[in-house]
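Report on the following structure.
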Amino acid sequence: MNYWHSKTIEQVIEELSTDVEAGLPEGEIRSRLEQFGPNELRERRGRSPWLIMLEQFTEPLVILLIVAAAVAALIHEVVDSLFIGFILVANAVIGFTQEYRAERAVAALRRMAAPTATVTRDGEPKEIAAREVVPGDIVLLEAGMQVVADMRIVEARSLRIDEAALTGESFPVSKVADRTLSEKTGVGDRTNMGFSGTMVTAGRGRGVVVATGMDTQVGQIADLLQTTEEAKTPLQQRMAQAGKWLVGAVVVICAVVFVGGLLRGNELYEMFLTGVSLAVAAVPEGLPAVVTITLALGAQRMVQRNALIRRLPAVETLGSVTVICSDKTGTLTQGNMTVQVACADDEMLTVSEIDEGRRAEFQRDGQNVDIAEYKDFAVLLRAMALCSDARVTKLSRTAEKATGDPTEVALVRVAAQAGLVKDDLEQDFARIDEIPFDSQRKRMTTLHRVADGQLVSYTKGAMESVLDRSISILRNGQIHPLSEDDKQRIMDRQYQLAARGLRLLAAAFRQWDEVPAMEPDHAEQDLVFIGLVGMSDPARPEAGPAIETCNNAGIKAVMVTGDHKVTATSIAEQLAMLPSGARVVTGAELQDFSPEQLTDQVDEISVYARVSPQDKIDIVEAWQQRGQIVAMTGDGVNDAPALKKADIGVAMGQMGTDVSKEASDMILLDDNFATIVVAVEYGRVIYDNIRKFFRYMLSTNSGEILTMFGSILLGWPLPLLPAQILWINLVTDGLPALALGVEPAEEDVMDRPPRDPEASIFAGGMATFIGWVGVYMALCALGLFWYILQVTGEITTARTACFAVLAYLQMANVLAIRSETKHLWEMGLGSNPQLLGAVILTVILQLAVTYVPWLQTILHTTALSAGQMLLCVGIAATLYFIVELEKTIRRRA
């Protein structure tokens, strides 16, 4: 690694064999292009669309369905085969769409490239395509230009560059040329460097190109994006686990039936077909479709709460989240600089916006005051508004258009809220000259002609730089000499406010008899100190309660920001993100951590400041090594690799770059941390509901399997035909299962710890439940089948009764399992109207296939007598009461 920021301009020029004034000779360009390559991002060959599509058919459950479809076709059950095939194709298309879209993240990064650049070659300025820029080129930088490559600044005149997309820094960074920095200086603090993809917001300058293409900071991010693998979501892992469990169960059952039949003397071909029929019955054909539809419905509901889901499995993964690593600016904070305090004449007023931001409220010691009574504060706000280039224009009662530096926008806005509108002020204080802001002076000055003809200059800037140039102080509207005691009180106030993470600016003025020479050594001397203001990007009011909800839900909230340590710590303390013993660590300090050390200590660190893109990936990996499910938020280019690496990457919809959105799983349409917590709650509800229909569908399928298995072992005729099995698997299974997918949240959903990421979807007694319910359903079905067969001697009537009782047992089961702890009468029968409707519709359909002639033909049923139907319903009702009794016993235990 070449630490260009730690070298002098002369060292850089010599090392790159170039000239600051003349630039590179044209004859050198071709060889450098061959050596370093074009200035563009290269994409590694990714997965082809065909490979992505093929991978959709590799999950165990999907393979099981493929086998089931083939077997169904083999035994001429064409409807079964076609329906399973439709489900497989639909799931593959959905999965392909999600993954192919994720592959486009680097393409979005490439679109950031600037089309042209102005360079000096052979002593002449020349405009060239950005891809033709090479190391050693001298590049011109002006306001509005995009930086085309990484460069060492060699000339800076009030040069400021917006690096937010790369570093997360809230404010444009002032650049300097004649400064060398430590090798360990982080990217966000390299004030003598310009970085590819960032924007010049003010001033002008020049830079010597030190890195192009994939060697730039953006190029390194592109490389991270292409080498960072996405982990499978918990749902995908659990579905794969469930698929393996089902495959094993089906193989064992079919093998037992096949071998048992052969031992009893049955024909080989007959037992093969019987085993195949049993395998088809065992496969829950509707399960992938129900999971997909439930996730899609959840995604639609999340959009209504400002959470846009880009990958469907992310809906459920949110419910597994144990750690949320959140950016600060705009997510935990409001994303707008706001004046918090104003100090003048040894008085301090706190400032807060009221009336939807149209007015400011000033308080002294907690009591509201009239700013008009504090003349010095009016002078302070007037100076801040006039000595700035920002504009804030009211568009409507609640909307405004703000242009300029965010800090100056905050100053102009608070002055307007106090009744000092800049446009009106400029009518009485016309600007006639200025000295622009300079990062070395850390001040700017404007000269104004007052309506009565007087001249006054206003200076604003860093507190020390303004105070050092002041010889007087404004007190109660009068000018007094600035004593050493005055200076000490002002410095004490500065330390007090800086410790709160506030950004401080001071203001001063000077009256003139004639227009002065607008040079710093003249116009910025012998000033009258007015006061100072403290600004910050305040915490969102809803962020605090959201953090508290995370704590109650057992979720660790961590701040990961590119901002400064003091600012990050201040916001973290306001939001109660720094519990006793928690640590704040900077990116520079992280460089001393080995991966093992970070993994060991990661749970002790609650705030990370001034971090790099690689730092963010390391933090995610450290938590994942601890077995945690991590959500990471981000809005900049620098966040994209970590968003892709995290279990849930969360991009910002309003402030986020295209690159971060393409790499994410979810986009916050309102950029609000509280929306993540709402999404986590939805994810938990959806996972609960997925468990409910797993419990429902697999207990039903186990009932079918054991019914068929039992009849074969007993040597009885088959109690169900393939068409009837398909009806149960797709209609009486599917409709209620879909309705379970929209089951309302249970009361304690955010008051319990996250589930164990390693736990099977069958954990918590589900496997036991599936087993005993399946046995009970099989006993009921086989008992009724034998009884009707003995009484009537009609196999069709016995099969119809068995078919009906299994369907009604399912309805009793689905009503009872809406909650694992609460009884149906406690929840209310109508609290899930979709489920109630699905049960009623399923019962009507089951009656139709029993009594409608043309449906009887399709499903090989016959009409049951009233007594037989009542017997089916009565037997089915017993399951409901047994499941409710089990809840009571479990609650008492």
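Naming works like this for the structure tokens: A, B, ... for the chains as they're shown, residue 1 at the start of each chain, ligands 1 onward in shown order.
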As a PyMOL selection string, please: the residues near Leu669 (chain A) (cut-off 12 Å, only C-alpha atoms, same-chain neighbours under 5 positions excluded).
chain A and resi 302-309+330-331+635+650-656+661+674-676
10 Å contact set for Tyr696 (chain A), only C-alpha atoms, chain neighbours under 5 positions out, as a VMD selection string
chain A and resid 690 to 691 701 733 736 to 737 740 766 769 to 770 773 810 to 811 813 to 818
Surrounding residues of Val450 (chain A) excluding itself and chain neighbours under 2 positions, 10 Å, only C-alpha atoms, as a list of chain:residue names
A:Leu425, A:Glu426, A:Gln427, A:Asp428, A:Phe429, A:Ala430, A:Arg431, A:Leu447, A:His448, A:Asp452, A:Gly453, A:Gln454, A:Leu455, A:Val456
Between CA of Val849 (chain A) and CA of Leu720 (chain A), measure the distance and give it in Å to one decimal.
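Atom-to-atom, CA of Val849 (chain A) and CA of Leu720 (chain A) are spaced 14.1 Å apart.
Picture a line from CA of Ala807 (chain A) to CA of Leu738 (chain A); it runs 16.0 Å.
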Could you find all residues in region 598-719 of chain A that DSSP calls alpha helix (DSSP H) from the backbone, and write them as a PyMOL selection string?
chain A and resi 598-601+613-625+640-645+658-663+673-714
